[in-house]
Every structure is written in C-alpha cells, then in structure tokens.
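All remarks here apply to the structure that follows.
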Amino acid sequence: MKNSRSRFTLAAMFVLSFLVGCSASNGPDLISTNGEVKWQNEPLKEGRITFRMLDAGGNVFSAPIEEGYFKIESLPGKMKVEIIASRLIPGKFDNSNGTPEPVGEMYIPARYNSRSELTYVVERGADSPVFELSTDEKKI
C-alpha cells in the first residue's frame, strides 16, 4: 500500500512539473496595446474594442473600454478594429415578460463595428492608437 502511494505521488509530481513547464511563457508572443476611444470628441464612457487579424490566422482579441481608455493584448499584425457601445433609452421599457425591463440601444454606427474600415498595425514600439468616432449624420 505504501509503495503504491509513493508511485502515485511520484506520478503526480511528474505531471505537475510537465504542466508548469507548459505555462504561458511558451505561448504566443502577445503585445499589449494601450489606446483611446473618443465619441463625439469626448472619451467613450464604456464599450468594447475588438482586434480581428487580417493576416494569417484570423485570431480575434477583445477588451473593455472604460472612460475612453483600453488595454488589449494581441498577436502582432494588421488588425481590423471594431468598437461597440450600448446605452439605456430613457423612459423606454419592454413589458413582454410581464415586468418592465429597461431597453437599450447600440449607438456606435456600423461603420465602426459590423462594417468597420478601421485598422491598426500591432507591433512593438508602435504609437498608442486614438480612435475618434462620430455619428454618420452629415450636417449641412
């Protein structure tokens, strides 16, 4: 019995050392990018930013936007940038489930998310990006 317990302990230590050896340090070389997002010339209060790789792999990376700032970690390369944000519509409620629930809306135009043409190249030492967004409306 004692001998089998020793074998089990030895096997567990071997597996544990293997797992520790396969830690994140052997993973992909991620680069941290800090940046800003402005909406109508003001910091975007809250939202989400996504980097979609345009180069090989097509990997997707995402991070929250808080008070106009974000910090995202991604692989290096050219990215399509998508920005979303939502807000509650004052005085509007959905009563479909029997209780009034606040209704929200996505207010960042599609040209910055689902139809985004924003791009950014992630590389070490690159300048921090500043994305300045505005409505689609053209003022005459």
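Chain lettering (A, B, ...) mirrors the order of the structure tokens, residue numbering begins at 1 for each chain separately, and ligand numbering begins at 1 in order of display.
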
Proximity of region 32-55 of chain A to region 101-106 of chain A: per-residue shortest pair, 12 Å limit, only C-alpha atoms, as a tab-separated table:
```
residue	atom	partner	partner_atom	distance
A:Glu46	CA	A:Met106	CA	11.9
A:Gly47	CA	A:Met106	CA	10.0
A:Arg48	CA	A:Met106	CA	11.5
```

Hey, what's within 7 Å of Ile31 (chain A) if we count only C-alpha atoms and toss same-chain stuff fewer than 2 positions away? As a PDB file with N, CA and C atoms, in the first residue's frame, please?
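Output contents, as saved in result-v3.pdb:
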```
ATOM      1  N   ASP A  29       3.510  35.086 -28.557  1.00  0.00           N
ATOM      2  CA  ASP A  29       4.136  36.343 -28.154  1.00  0.00           C
ATOM      3  C   ASP A  29       3.125  37.480 -28.279  1.00  0.00           C
ATOM      4  N   THR A  33      -1.334  46.663 -26.137  1.00  0.00           N
ATOM      5  CA  THR A  33      -1.587  47.953 -26.774  1.00  0.00           C
ATOM      6  C   THR A  33      -2.525  48.761 -25.897  1.00  0.00           C
ATOM      7  N   GLU A  73      -4.383  42.886 -25.364  1.00  0.00           N
ATOM      8  CA  GLU A  73      -3.227  42.077 -25.704  1.00  0.00           C
ATOM      9  C   GLU A  73      -3.574  41.258 -26.934  1.00  0.00           C
ATOM     10  N   SER A  74      -2.666  41.267 -27.908  1.00  0.00           N
ATOM     11  CA  SER A  74      -2.914  40.542 -29.152  1.00  0.00           C
ATOM     12  C   SER A  74      -1.600  40.111 -29.782  1.00  0.00           C
ATOM     13  N   LEU A  75      -1.729  39.290 -30.783  1.00  0.00           N
ATOM     14  CA  LEU A  75      -0.578  38.944 -31.604  1.00  0.00           C
ATOM     15  C   LEU A  75      -0.211  40.153 -32.460  1.00  0.00           C
ATOM     16  N   PRO A  76       1.018  40.242 -32.927  1.00  0.00           N
ATOM     17  CA  PRO A  76       1.368  41.338 -33.826  1.00  0.00           C
ATOM     18  C   PRO A  76       0.739  41.130 -35.206  1.00  0.00           C
ATOM     19  N   ARG A 124       5.574  46.007 -31.676  1.00  0.00           N
ATOM     20  CA  ARG A 124       6.297  46.553 -30.511  1.00  0.00           C
ATOM     21  C   ARG A 124       6.774  47.963 -30.816  1.00  0.00           C
TER      22      ARG A 124
END
```

Using only C-alpha atoms, which protein or nucleic acid residues come within 7 Å of Ala63 (chain A)? Drop anything in the same chain fewer than 4 positions from it, and give the result as a list in words.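 Near neighbours after the sequence-gap exclusion: Arg48, Ile49, Thr50, Phe70, Lys71 and Ile72 of chain A.
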
What lies within 7 Å of Tyr120 (chain A) using only C-alpha atoms, ignoring chain neighbours under 3 positions off, as a list in words?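 Once the nearby chain positions are removed, what remains is Lys78, Met79, Lys80 and Val81 of chain A.
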
Could you check which of A:Pro90, A:Gly77, A:Ser32, A:Glu123 is closest to Met53 (chain A), using only C-alpha atoms?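 Selected residue with least distance to Met53 (chain A): A:Gly77.
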